[in-house]
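**Student:** Data file my_file05.cif (mmCIF, N, CA and C atoms) is appended below.
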```
data_input
#
loop_
_atom_site.label_atom_id
_atom_site.label_comp_id
_atom_site.auth_asym_id
_atom_site.auth_seq_id
_atom_site.Cartn_x
_atom_site.Cartn_y
_atom_site.Cartn_z
N MET A 30 -28.39 -13.80 -17.90
CA MET A 30 -28.75 -14.55 -19.09
C MET A 30 -27.57 -15.45 -19.47
N ARG A 31 -27.83 -16.73 -19.64
CA ARG A 31 -26.79 -17.67 -20.04
C ARG A 31 -26.70 -17.67 -21.57
N THR A 32 -25.51 -17.29 -22.05
CA THR A 32 -25.29 -17.18 -23.50
C THR A 32 -24.15 -18.10 -23.90
N GLY A 33 -24.37 -18.84 -24.97
CA GLY A 33 -23.33 -19.68 -25.56
C GLY A 33 -23.13 -19.29 -27.01
N ILE A 34 -21.95 -19.61 -27.53
CA ILE A 34 -21.71 -19.41 -28.95
C ILE A 34 -21.34 -20.75 -29.58
N PHE A 35 -21.68 -20.88 -30.83
CA PHE A 35 -21.33 -22.05 -31.64
C PHE A 35 -20.76 -21.48 -32.92
N VAL A 36 -19.47 -21.72 -33.16
CA VAL A 36 -18.79 -21.06 -34.28
C VAL A 36 -18.27 -22.06 -35.31
N GLY A 37 -18.18 -21.59 -36.54
CA GLY A 37 -17.62 -22.40 -37.61
C GLY A 37 -17.78 -21.71 -38.94
N SER A 38 -17.21 -22.34 -39.98
CA SER A 38 -17.41 -21.78 -41.32
C SER A 38 -18.76 -22.22 -41.88
N PHE A 39 -19.24 -23.38 -41.44
CA PHE A 39 -20.56 -23.87 -41.83
C PHE A 39 -20.73 -23.83 -43.34
N ASN A 40 -19.81 -24.50 -44.02
CA ASN A 40 -19.79 -24.51 -45.49
C ASN A 40 -19.85 -25.94 -46.01
N PRO A 41 -21.03 -26.56 -46.02
CA PRO A 41 -22.33 -26.05 -45.62
C PRO A 41 -22.67 -26.39 -44.16
N PHE A 42 -23.77 -25.81 -43.69
CA PHE A 42 -24.34 -26.12 -42.37
C PHE A 42 -25.05 -27.46 -42.52
N THR A 43 -24.61 -28.47 -41.79
CA THR A 43 -25.08 -29.84 -41.98
C THR A 43 -26.11 -30.25 -40.91
N ILE A 44 -26.66 -31.45 -41.08
CA ILE A 44 -27.56 -31.99 -40.06
C ILE A 44 -26.78 -32.27 -38.77
N GLY A 45 -25.48 -32.46 -38.87
CA GLY A 45 -24.65 -32.61 -37.67
C GLY A 45 -24.58 -31.30 -36.90
N HIS A 46 -24.38 -30.18 -37.60
CA HIS A 46 -24.39 -28.87 -36.94
C HIS A 46 -25.75 -28.61 -36.30
N ASP A 47 -26.80 -28.90 -37.05
CA ASP A 47 -28.16 -28.70 -36.54
C ASP A 47 -28.39 -29.51 -35.26
N SER A 48 -27.89 -30.73 -35.23
CA SER A 48 -28.03 -31.57 -34.04
C SER A 48 -27.36 -30.92 -32.83
N ILE A 49 -26.17 -30.37 -33.04
CA ILE A 49 -25.46 -29.71 -31.94
C ILE A 49 -26.26 -28.49 -31.45
N VAL A 50 -26.76 -27.69 -32.37
CA VAL A 50 -27.55 -26.51 -31.99
C VAL A 50 -28.77 -26.93 -31.19
N ARG A 51 -29.51 -27.89 -31.68
CA ARG A 51 -30.76 -28.30 -30.99
C ARG A 51 -30.49 -28.94 -29.63
N ARG A 52 -29.37 -29.65 -29.50
CA ARG A 52 -29.03 -30.27 -28.22
C ARG A 52 -28.43 -29.27 -27.24
N ALA A 53 -27.78 -28.22 -27.75
CA ALA A 53 -27.20 -27.20 -26.88
C ALA A 53 -28.24 -26.19 -26.41
N LEU A 54 -29.24 -25.95 -27.20
CA LEU A 54 -30.21 -24.89 -26.92
C LEU A 54 -30.84 -24.96 -25.52
N PRO A 55 -31.20 -26.13 -25.00
CA PRO A 55 -31.79 -26.15 -23.66
C PRO A 55 -30.84 -25.67 -22.55
N LEU A 56 -29.54 -25.60 -22.84
CA LEU A 56 -28.57 -25.17 -21.84
C LEU A 56 -28.48 -23.65 -21.70
N PHE A 57 -29.05 -22.92 -22.66
CA PHE A 57 -28.84 -21.48 -22.73
C PHE A 57 -30.15 -20.71 -22.90
N ASP A 58 -30.09 -19.44 -22.50
CA ASP A 58 -31.18 -18.52 -22.81
C ASP A 58 -31.02 -17.96 -24.21
N ARG A 59 -29.75 -17.92 -24.66
CA ARG A 59 -29.41 -17.34 -25.96
C ARG A 59 -28.23 -18.12 -26.53
N LEU A 60 -28.34 -18.50 -27.79
CA LEU A 60 -27.26 -19.19 -28.49
C LEU A 60 -26.94 -18.40 -29.75
N VAL A 61 -25.69 -17.97 -29.86
CA VAL A 61 -25.26 -17.19 -31.02
C VAL A 61 -24.44 -18.10 -31.92
N ILE A 62 -24.87 -18.25 -33.16
CA ILE A 62 -24.13 -19.02 -34.15
C ILE A 62 -23.23 -18.03 -34.88
N GLY A 63 -21.92 -18.19 -34.69
CA GLY A 63 -20.95 -17.30 -35.30
C GLY A 63 -20.41 -17.91 -36.58
N VAL A 64 -20.62 -17.23 -37.68
CA VAL A 64 -20.20 -17.72 -38.99
C VAL A 64 -18.91 -17.02 -39.39
N VAL A 65 -17.87 -17.82 -39.60
CA VAL A 65 -16.57 -17.26 -40.00
C VAL A 65 -16.75 -16.45 -41.27
N GLY A 66 -16.14 -15.27 -41.27
CA GLY A 66 -16.24 -14.38 -42.42
C GLY A 66 -15.63 -14.96 -43.67
N ASP A 67 -15.67 -14.20 -44.72
CA ASP A 67 -15.16 -14.63 -46.02
C ASP A 67 -13.67 -14.98 -45.92
N ASN A 68 -13.30 -16.06 -46.56
CA ASN A 68 -11.94 -16.58 -46.47
C ASN A 68 -11.27 -16.51 -47.84
N VAL A 69 -10.21 -15.74 -47.93
CA VAL A 69 -9.52 -15.60 -49.21
C VAL A 69 -8.83 -16.88 -49.63
N HIS A 70 -8.61 -17.79 -48.70
CA HIS A 70 -7.97 -19.07 -49.02
C HIS A 70 -8.96 -20.07 -49.61
N LYS A 71 -10.24 -19.74 -49.53
CA LYS A 71 -11.29 -20.59 -50.09
C LYS A 71 -12.19 -19.73 -50.96
N PRO A 72 -11.69 -19.31 -52.12
CA PRO A 72 -12.46 -18.35 -52.93
C PRO A 72 -13.79 -18.89 -53.45
N ASP A 73 -13.96 -20.21 -53.50
CA ASP A 73 -15.22 -20.76 -54.00
C ASP A 73 -16.27 -20.91 -52.91
N MET A 74 -15.94 -20.51 -51.69
CA MET A 74 -16.88 -20.64 -50.58
C MET A 74 -17.98 -19.59 -50.72
N PRO A 75 -19.23 -19.98 -50.47
CA PRO A 75 -20.29 -18.97 -50.46
C PRO A 75 -19.94 -17.86 -49.47
N THR A 76 -20.43 -16.67 -49.72
CA THR A 76 -20.11 -15.56 -48.82
C THR A 76 -20.67 -15.83 -47.43
N ALA A 77 -20.10 -15.14 -46.46
CA ALA A 77 -20.60 -15.27 -45.09
C ALA A 77 -22.07 -14.90 -45.04
N GLU A 78 -22.46 -13.87 -45.77
CA GLU A 78 -23.86 -13.44 -45.75
C GLU A 78 -24.78 -14.53 -46.31
N GLU A 79 -24.35 -15.22 -47.35
CA GLU A 79 -25.16 -16.32 -47.90
C GLU A 79 -25.29 -17.46 -46.90
N ARG A 80 -24.19 -17.81 -46.25
CA ARG A 80 -24.22 -18.89 -45.26
C ARG A 80 -25.07 -18.49 -44.06
N MET A 81 -24.95 -17.22 -43.62
CA MET A 81 -25.75 -16.76 -42.48
C MET A 81 -27.24 -16.73 -42.82
N ALA A 82 -27.56 -16.30 -44.03
CA ALA A 82 -28.98 -16.24 -44.43
C ALA A 82 -29.63 -17.62 -44.38
N ALA A 83 -28.90 -18.64 -44.83
CA ALA A 83 -29.46 -20.00 -44.81
C ALA A 83 -29.69 -20.48 -43.38
N ILE A 84 -28.75 -20.16 -42.49
CA ILE A 84 -28.89 -20.59 -41.09
C ILE A 84 -29.98 -19.79 -40.41
N ARG A 85 -30.04 -18.49 -40.66
CA ARG A 85 -31.12 -17.66 -40.08
C ARG A 85 -32.49 -18.18 -40.48
N ASP A 86 -32.64 -18.54 -41.75
CA ASP A 86 -33.91 -19.05 -42.23
C ASP A 86 -34.29 -20.33 -41.49
N LEU A 87 -33.32 -21.17 -41.24
CA LEU A 87 -33.56 -22.45 -40.56
C LEU A 87 -34.12 -22.23 -39.15
N TYR A 88 -33.63 -21.20 -38.45
CA TYR A 88 -34.03 -20.96 -37.06
C TYR A 88 -34.87 -19.70 -36.89
N ALA A 89 -35.51 -19.25 -37.94
CA ALA A 89 -36.26 -18.00 -37.91
C ALA A 89 -37.35 -17.98 -36.84
N ASP A 90 -37.86 -19.12 -36.47
CA ASP A 90 -38.96 -19.19 -35.50
C ASP A 90 -38.49 -19.29 -34.06
N ASP A 91 -37.18 -19.24 -33.82
CA ASP A 91 -36.66 -19.36 -32.45
C ASP A 91 -35.86 -18.12 -32.08
N ALA A 92 -36.46 -17.27 -31.27
CA ALA A 92 -35.84 -15.99 -30.89
C ALA A 92 -34.58 -16.17 -30.04
N ARG A 93 -34.37 -17.36 -29.50
CA ARG A 93 -33.18 -17.60 -28.67
C ARG A 93 -31.91 -17.74 -29.51
N ILE A 94 -32.08 -17.97 -30.82
CA ILE A 94 -30.93 -18.20 -31.70
C ILE A 94 -30.67 -16.96 -32.54
N GLU A 95 -29.40 -16.51 -32.51
CA GLU A 95 -28.97 -15.40 -33.35
C GLU A 95 -27.83 -15.90 -34.23
N VAL A 96 -27.72 -15.36 -35.41
CA VAL A 96 -26.66 -15.73 -36.35
C VAL A 96 -25.90 -14.46 -36.71
N LYS A 97 -24.57 -14.50 -36.46
CA LYS A 97 -23.76 -13.30 -36.67
C LYS A 97 -22.43 -13.69 -37.32
N PRO A 98 -21.83 -12.75 -38.04
CA PRO A 98 -20.50 -13.01 -38.60
C PRO A 98 -19.44 -12.83 -37.52
N TYR A 99 -18.32 -13.54 -37.68
CA TYR A 99 -17.21 -13.28 -36.78
C TYR A 99 -15.90 -13.60 -37.48
N ASN A 100 -14.87 -12.92 -37.04
CA ASN A 100 -13.49 -13.15 -37.48
C ASN A 100 -12.62 -13.12 -36.24
N GLY A 101 -11.49 -13.78 -36.30
CA GLY A 101 -10.58 -13.76 -35.16
C GLY A 101 -10.80 -14.95 -34.25
N LEU A 102 -10.49 -14.75 -32.98
CA LEU A 102 -10.56 -15.83 -31.99
C LEU A 102 -11.98 -16.01 -31.47
N ALA A 103 -12.37 -17.27 -31.28
CA ALA A 103 -13.71 -17.56 -30.76
C ALA A 103 -13.89 -16.95 -29.37
N MET A 104 -12.84 -16.96 -28.54
CA MET A 104 -12.99 -16.40 -27.19
C MET A 104 -13.26 -14.90 -27.24
N ASP A 105 -12.67 -14.20 -28.22
CA ASP A 105 -12.95 -12.78 -28.37
C ASP A 105 -14.38 -12.54 -28.83
N PHE A 106 -14.84 -13.39 -29.75
CA PHE A 106 -16.24 -13.30 -30.20
C PHE A 106 -17.18 -13.57 -29.03
N ALA A 107 -16.85 -14.59 -28.23
CA ALA A 107 -17.68 -14.92 -27.06
C ALA A 107 -17.78 -13.72 -26.12
N LYS A 108 -16.65 -13.09 -25.84
CA LYS A 108 -16.67 -11.92 -24.95
C LYS A 108 -17.50 -10.79 -25.53
N SER A 109 -17.36 -10.56 -26.85
CA SER A 109 -18.12 -9.47 -27.48
C SER A 109 -19.63 -9.72 -27.43
N GLU A 110 -20.02 -11.00 -27.33
CA GLU A 110 -21.44 -11.36 -27.26
C GLU A 110 -21.92 -11.57 -25.83
N GLY A 111 -21.03 -11.38 -24.87
CA GLY A 111 -21.40 -11.61 -23.48
C GLY A 111 -21.62 -13.08 -23.17
N ALA A 112 -20.99 -13.94 -23.94
CA ALA A 112 -21.17 -15.39 -23.77
C ALA A 112 -20.18 -15.93 -22.74
N GLN A 113 -20.63 -16.88 -21.96
CA GLN A 113 -19.79 -17.54 -20.97
C GLN A 113 -19.26 -18.88 -21.48
N PHE A 114 -19.83 -19.36 -22.59
CA PHE A 114 -19.52 -20.70 -23.07
C PHE A 114 -19.36 -20.75 -24.59
N ILE A 115 -18.47 -21.61 -25.03
CA ILE A 115 -18.32 -21.96 -26.43
C ILE A 115 -18.78 -23.40 -26.56
N VAL A 116 -19.67 -23.67 -27.48
CA VAL A 116 -20.18 -25.01 -27.73
C VAL A 116 -19.45 -25.59 -28.93
N LYS A 117 -18.97 -26.81 -28.79
CA LYS A 117 -18.27 -27.49 -29.88
C LYS A 117 -18.80 -28.91 -30.01
N GLY A 118 -18.85 -29.40 -31.24
CA GLY A 118 -19.22 -30.78 -31.50
C GLY A 118 -17.97 -31.62 -31.69
N VAL A 119 -18.01 -32.84 -31.18
CA VAL A 119 -16.87 -33.75 -31.27
C VAL A 119 -17.33 -35.06 -31.89
N ARG A 120 -16.69 -35.44 -33.03
CA ARG A 120 -17.06 -36.67 -33.73
C ARG A 120 -16.19 -37.86 -33.35
N ASN A 121 -14.93 -37.59 -33.04
CA ASN A 121 -13.99 -38.70 -32.82
C ASN A 121 -12.83 -38.24 -31.93
N ALA A 122 -11.86 -39.13 -31.73
CA ALA A 122 -10.74 -38.84 -30.82
C ALA A 122 -9.88 -37.68 -31.32
N SER A 123 -9.67 -37.60 -32.62
CA SER A 123 -8.84 -36.50 -33.12
C SER A 123 -9.56 -35.16 -32.94
N ASP A 124 -10.88 -35.11 -33.13
CA ASP A 124 -11.64 -33.89 -32.83
C ASP A 124 -11.46 -33.52 -31.36
N PHE A 125 -11.56 -34.54 -30.49
CA PHE A 125 -11.45 -34.29 -29.05
C PHE A 125 -10.10 -33.68 -28.70
N GLU A 126 -9.02 -34.25 -29.22
CA GLU A 126 -7.69 -33.73 -28.90
C GLU A 126 -7.53 -32.29 -29.36
N TYR A 127 -8.01 -31.99 -30.55
CA TYR A 127 -7.94 -30.62 -31.07
C TYR A 127 -8.74 -29.66 -30.20
N GLU A 128 -9.96 -30.05 -29.86
CA GLU A 128 -10.83 -29.18 -29.06
C GLU A 128 -10.32 -29.05 -27.63
N GLN A 129 -9.63 -30.06 -27.13
CA GLN A 129 -9.11 -30.02 -25.76
C GLN A 129 -8.09 -28.89 -25.59
N TRP A 130 -7.13 -28.77 -26.51
CA TRP A 130 -6.15 -27.70 -26.34
C TRP A 130 -6.76 -26.34 -26.60
N GLN A 131 -7.73 -26.26 -27.55
CA GLN A 131 -8.41 -24.98 -27.76
C GLN A 131 -9.18 -24.56 -26.51
N ALA A 132 -9.87 -25.52 -25.90
CA ALA A 132 -10.64 -25.24 -24.68
C ALA A 132 -9.73 -24.74 -23.57
N ASP A 133 -8.55 -25.34 -23.47
CA ASP A 133 -7.60 -24.93 -22.43
C ASP A 133 -7.19 -23.47 -22.62
N PHE A 134 -6.86 -23.08 -23.85
CA PHE A 134 -6.47 -21.69 -24.10
C PHE A 134 -7.65 -20.74 -23.94
N ASN A 135 -8.84 -21.15 -24.38
CA ASN A 135 -10.01 -20.28 -24.22
C ASN A 135 -10.29 -20.01 -22.74
N ARG A 136 -10.09 -21.02 -21.91
CA ARG A 136 -10.31 -20.87 -20.47
C ARG A 136 -9.19 -20.04 -19.84
N ARG A 137 -7.92 -20.37 -20.16
CA ARG A 137 -6.78 -19.67 -19.56
C ARG A 137 -6.70 -18.21 -19.99
N LEU A 138 -6.84 -17.97 -21.28
CA LEU A 138 -6.64 -16.62 -21.81
C LEU A 138 -7.91 -15.77 -21.79
N GLY A 139 -9.06 -16.42 -21.94
CA GLY A 139 -10.29 -15.66 -22.07
C GLY A 139 -11.31 -15.85 -20.96
N GLY A 140 -11.07 -16.84 -20.08
CA GLY A 140 -12.05 -17.11 -19.04
C GLY A 140 -13.35 -17.68 -19.58
N ILE A 141 -13.29 -18.26 -20.76
CA ILE A 141 -14.48 -18.81 -21.42
C ILE A 141 -14.42 -20.34 -21.34
N GLU A 142 -15.46 -20.95 -20.85
CA GLU A 142 -15.53 -22.41 -20.77
C GLU A 142 -16.03 -22.98 -22.10
N THR A 143 -15.60 -24.20 -22.39
CA THR A 143 -16.03 -24.90 -23.60
C THR A 143 -16.89 -26.09 -23.20
N ILE A 144 -17.99 -26.24 -23.87
CA ILE A 144 -18.87 -27.39 -23.67
C ILE A 144 -18.77 -28.25 -24.91
N LEU A 145 -18.33 -29.49 -24.72
CA LEU A 145 -18.23 -30.44 -25.83
C LEU A 145 -19.47 -31.31 -25.87
N LEU A 146 -20.08 -31.38 -27.02
CA LEU A 146 -21.21 -32.29 -27.23
C LEU A 146 -20.76 -33.34 -28.23
N TYR A 147 -20.88 -34.59 -27.82
CA TYR A 147 -20.49 -35.67 -28.71
C TYR A 147 -21.54 -35.86 -29.79
N THR A 148 -21.07 -36.07 -30.99
CA THR A 148 -21.95 -36.28 -32.13
C THR A 148 -22.78 -37.54 -31.93
N GLU A 149 -24.00 -37.48 -32.35
CA GLU A 149 -24.83 -38.68 -32.33
C GLU A 149 -24.18 -39.69 -33.27
N PRO A 150 -24.12 -40.97 -32.88
CA PRO A 150 -23.38 -41.96 -33.66
C PRO A 150 -23.74 -42.01 -35.14
N GLU A 151 -25.01 -41.86 -35.46
CA GLU A 151 -25.43 -41.94 -36.86
C GLU A 151 -24.98 -40.73 -37.69
N LEU A 152 -24.48 -39.69 -37.02
CA LEU A 152 -24.03 -38.49 -37.72
C LEU A 152 -22.51 -38.34 -37.73
N ALA A 153 -21.81 -39.29 -37.14
CA ALA A 153 -20.36 -39.15 -36.93
C ALA A 153 -19.55 -39.01 -38.21
N SER A 154 -20.03 -39.52 -39.31
CA SER A 154 -19.25 -39.45 -40.55
C SER A 154 -19.57 -38.20 -41.37
N ILE A 155 -20.51 -37.40 -40.92
CA ILE A 155 -20.93 -36.23 -41.69
C ILE A 155 -20.04 -35.04 -41.36
N SER A 156 -19.48 -34.46 -42.40
CA SER A 156 -18.69 -33.24 -42.24
C SER A 156 -18.94 -32.35 -43.45
N SER A 157 -18.75 -31.06 -43.25
CA SER A 157 -18.92 -30.13 -44.36
C SER A 157 -17.98 -30.45 -45.50
N SER A 158 -16.72 -30.78 -45.17
CA SER A 158 -15.75 -31.06 -46.23
C SER A 158 -16.14 -32.31 -47.01
N ALA A 159 -16.66 -33.33 -46.32
CA ALA A 159 -17.10 -34.54 -47.03
C ALA A 159 -18.26 -34.22 -47.96
N LEU A 160 -19.20 -33.41 -47.49
CA LEU A 160 -20.36 -33.05 -48.33
C LEU A 160 -19.94 -32.22 -49.53
N ARG A 161 -18.97 -31.32 -49.33
CA ARG A 161 -18.49 -30.53 -50.47
C ARG A 161 -17.85 -31.43 -51.52
N GLU A 162 -17.08 -32.41 -51.06
CA GLU A 162 -16.42 -33.32 -52.01
C GLU A 162 -17.45 -34.16 -52.75
N LEU A 163 -18.41 -34.71 -52.03
CA LEU A 163 -19.46 -35.50 -52.68
C LEU A 163 -20.23 -34.66 -53.71
N ALA A 164 -20.59 -33.44 -53.31
CA ALA A 164 -21.33 -32.57 -54.23
C ALA A 164 -20.49 -32.24 -55.46
N HIS A 165 -19.19 -32.06 -55.27
CA HIS A 165 -18.29 -31.79 -56.40
C HIS A 165 -18.37 -32.90 -57.46
N PHE A 166 -18.58 -34.12 -57.00
CA PHE A 166 -18.66 -35.26 -57.91
C PHE A 166 -20.10 -35.61 -58.29
N GLY A 167 -21.01 -34.67 -58.05
CA GLY A 167 -22.38 -34.82 -58.52
C GLY A 167 -23.31 -35.60 -57.62
N VAL A 168 -22.89 -35.93 -56.41
CA VAL A 168 -23.76 -36.66 -55.49
C VAL A 168 -24.74 -35.69 -54.84
N ASP A 169 -25.99 -36.09 -54.76
CA ASP A 169 -27.02 -35.28 -54.09
C ASP A 169 -26.81 -35.39 -52.58
N VAL A 170 -26.47 -34.29 -51.93
CA VAL A 170 -26.20 -34.30 -50.49
C VAL A 170 -27.35 -33.69 -49.69
N SER A 171 -28.48 -33.46 -50.32
CA SER A 171 -29.59 -32.77 -49.65
C SER A 171 -30.08 -33.48 -48.39
N ASP A 172 -29.95 -34.80 -48.32
CA ASP A 172 -30.36 -35.53 -47.11
C ASP A 172 -29.49 -35.19 -45.91
N TYR A 173 -28.34 -34.59 -46.13
CA TYR A 173 -27.41 -34.26 -45.06
C TYR A 173 -27.45 -32.79 -44.66
N LEU A 174 -28.39 -32.06 -45.27
CA LEU A 174 -28.58 -30.65 -44.96
C LEU A 174 -29.91 -30.50 -44.20
N PRO A 175 -29.91 -29.71 -43.12
CA PRO A 175 -31.15 -29.61 -42.33
C PRO A 175 -32.26 -28.90 -43.09
N LYS A 176 -33.46 -29.29 -42.78
CA LYS A 176 -34.64 -28.67 -43.37
C LYS A 176 -35.40 -27.95 -42.28
N LYS A 177 -36.00 -26.86 -42.64
CA LYS A 177 -36.78 -26.09 -41.67
C LYS A 177 -37.95 -26.92 -41.19
N SER A 178 -38.13 -26.95 -39.86
CA SER A 178 -39.22 -27.76 -39.28
C SER A 178 -40.55 -27.09 -39.47
#
```
Could you write out this structure as structure tokens?
**Tutor:**
Amino acid sequence: MRTGIFVGSFNPFTIGHDSIVRRALPLFDRLVIGVVGDNVHKPDMPTAEERMAAIRDLYADDARIEVKPYNGLAMDFAKSEGAQFIVKGVRNASDFEYEQWQADFNRRLGGIETILLYTEPELASISSSALRELAHFGVDVSDYLPKKS
């Protein structure tokens, strides 16, 4: 069984994240979305359980997708899930450089390959941090959050 993981804090889970999940899914028999646990450095962040519940609801009709909490290194989470691959989205050159060194360590230390999926051009400016900032100032960000199909 080919298993991949897609990890992040997903605060919030955006249409960009959804695009990566939907484009990665044909590559795997099973895709595990790993949601970073509660972060004491971000006390206003919704709990991991709240974030996982929203993502689970989004993909409730697809048995190939599982949503689980994780803490620590992505390569360790991948191994615990029997995953051979980590899926990452890349929006720009700085994302690529960051993901490149992470992929190198994941491969060298964990034997886990990383698959980079480039963001669709129309989604390149969407990030969780940007949406949180816009929402803080009263902007309706609902168009940037995925809706259940």
**Student:** Starting from the PyMOL selection byres (((chain A and resi 155 and name CA) around 9) and name CA), expand the selection into actual residues of this file and give them as a VMD selection string.
**Tutor:** chain A and resid 43 to 45 120 151 to 154 156 to 160 173
**Student:** Figure out the distance between CA of Leu60 in chain A and CA of Arg93 in chain A, please, to one decimal in Å.
**Tutor:**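 Value for the CA of Arg93 in chain A-CA of Leu60 in chain A distance: 6.1 Å.
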**Student:** Using only N, CA and C atoms, which residues sit within 7 Å of range 33-37 of chain A once same-chain residues fewer than 4 positions away are excluded, as a list in words?
**Tutor:**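 With the cut-off at 7 Å, the set is Phe57, Asp58, Arg59, Leu60, Val61, Ile62, Gly63, Val64, Val65, Ala107, Gly111, Ala112, Gln113, Phe114, Ile115, Val116 and Lys117 of chain A.
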**Student:** Please determine, counting only C-alpha atoms, which residue among A:Ala132, A:Ile141, A:Asp91, A:Asp73 has the shortest atom-to-atom distance to His165 in chain A.
**Tutor:**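 Distance minimum relative to His165 in chain A lands on A:Asp73.
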**Student:** As an exercise, work out the distance from CA of Ser109 in chain A to CA of Leu54 in chain A in Å and give it to one decimal place.
**Tutor:** 19.6 Å
**Student:** Taking all atoms of range 41-49 of chain A that the file lists, what box with edges along x, y and z, padded by 6 Å per side, do you get, with centre and edge lengths in Å to one decimal, as JSON?
**Tutor:**
```
{"center_x": -24.7, "center_y": -29.2, "center_z": -38.7, "size_x": 19.4, "size_y": 18.8, "size_z": 26.6}
```
**Student:** Considering all atoms listed in the file, can you say which of A:Gly118, A:Ser48, A:Glu79, A:Ala164 comes closest to Leu146 in chain A?
**Tutor:**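 The shortest atom-to-atom distance to Leu146 in chain A comes from A:Gly118.
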**Student:** Please extract the residues of range 54-122 of chain A with a backbone DSSP assignment of strand (DSSP E) and present them as a list in words.
**Tutor:** Arg59, Leu60, Val61, Ile62, Gly63, Val64, Val65, Ile94, Glu95, Val96, Lys97, Pro98, Tyr99, Phe114, Ile115, Val116, Lys117, Gly118 and Val119 of chain A
**Student:** What separation in Å, quoted to one decimal, exists between CA of Val119 in chain A and CA of Arg137 in chain A?
**Tutor:**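 Going from CA of Val119 in chain A over to CA of Arg137 in chain A covers 20.9 Å.
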**Student:** Of the residues A:Gly101, A:Pro150, A:Gly139, A:Gly66, which is the one nearest to Glu78 in chain A, using all atoms listed in the file?
**Tutor:**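 The answer is A:Gly66, which sits nearest to Glu78 in chain A.
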**Student:** Go through the shown structure with the PyMOL selection byres (((chain A and resi 88 and name CA) around 12) and name CA) and write out the matching residues as a list of chain:residue names.
**Tutor:** A:Asp47, A:Val50, A:Arg51, A:Leu54, A:Leu60, A:Val61, A:Ile62, A:Met81, A:Ala82, A:Ala83, A:Ile84, A:Arg85, A:Asp86, A:Leu87, A:Ala89, A:Asp90, A:Asp91, A:Ala92, A:Arg93, A:Ile94, A:Glu95, A:Val96, A:Pro175, A:Lys176, A:Lys177, A:Ser178
**Student:** Among range 35-171 of chain A, which residues carry a DSSP assignment of helix (DSSP H, G or I), reported as a ChimeraX atom specification?
**Tutor:** /A:44-56,77-87,103-109,122-139,150-152,157-165,171
**Student:** For Ala103 in chain A, which of A:Leu163, A:Thr148, A:Ser38, A:Leu56 is the closest residue, counting only C-alpha atoms?
**Tutor:**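 Between A:Leu163, A:Thr148, A:Ser38, A:Leu56, the residue approaching Ala103 in chain A most closely is A:Ser38.
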**Student:** Since the input is missing atoms for range 160-170 of chain A, could you rebuild it with N, CA, C and O atoms and give the result as a compact mmCIF listing (two decimals), keeping the file's coordinate frame?
**Tutor:**
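Listing of part_4.txt after writing:
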```txt
# COMPACT_ATOMS: atom_id res chain seq x y z
N LEU A 160 -19.20 -33.41 -47.49
CA LEU A 160 -20.36 -33.05 -48.33
C LEU A 160 -19.94 -32.22 -49.53
O LEU A 160 -20.45 -32.42 -50.63
N ARG A 161 -18.97 -31.32 -49.33
CA ARG A 161 -18.49 -30.53 -50.47
C ARG A 161 -17.85 -31.43 -51.52
O ARG A 161 -18.06 -31.27 -52.72
N GLU A 162 -17.08 -32.41 -51.06
CA GLU A 162 -16.42 -33.32 -52.01
C GLU A 162 -17.45 -34.16 -52.75
O GLU A 162 -17.37 -34.32 -53.97
N LEU A 163 -18.41 -34.71 -52.03
CA LEU A 163 -19.46 -35.50 -52.68
C LEU A 163 -20.23 -34.66 -53.71
O LEU A 163 -20.47 -35.11 -54.83
N ALA A 164 -20.59 -33.44 -53.31
CA ALA A 164 -21.33 -32.57 -54.23
C ALA A 164 -20.49 -32.24 -55.46
O ALA A 164 -21.02 -32.16 -56.58
N HIS A 165 -19.19 -32.06 -55.27
CA HIS A 165 -18.29 -31.79 -56.40
C HIS A 165 -18.37 -32.90 -57.46
O HIS A 165 -18.29 -32.64 -58.65
N PHE A 166 -18.58 -34.12 -57.00
CA PHE A 166 -18.66 -35.26 -57.91
C PHE A 166 -20.10 -35.61 -58.29
O PHE A 166 -20.39 -36.69 -58.79
N GLY A 167 -21.01 -34.67 -58.05
CA GLY A 167 -22.38 -34.82 -58.52
C GLY A 167 -23.31 -35.60 -57.62
O GLY A 167 -24.43 -35.92 -58.02
N VAL A 168 -22.89 -35.93 -56.41
CA VAL A 168 -23.76 -36.66 -55.49
C VAL A 168 -24.74 -35.69 -54.84
O VAL A 168 -24.36 -34.59 -54.41
N ASP A 169 -25.99 -36.09 -54.76
CA ASP A 169 -27.02 -35.28 -54.09
C ASP A 169 -26.81 -35.39 -52.58
O ASP A 169 -26.96 -36.47 -52.01
N VAL A 170 -26.47 -34.29 -51.93
CA VAL A 170 -26.20 -34.30 -50.49
C VAL A 170 -27.35 -33.69 -49.69
O VAL A 170 -27.21 -33.46 -48.48
```
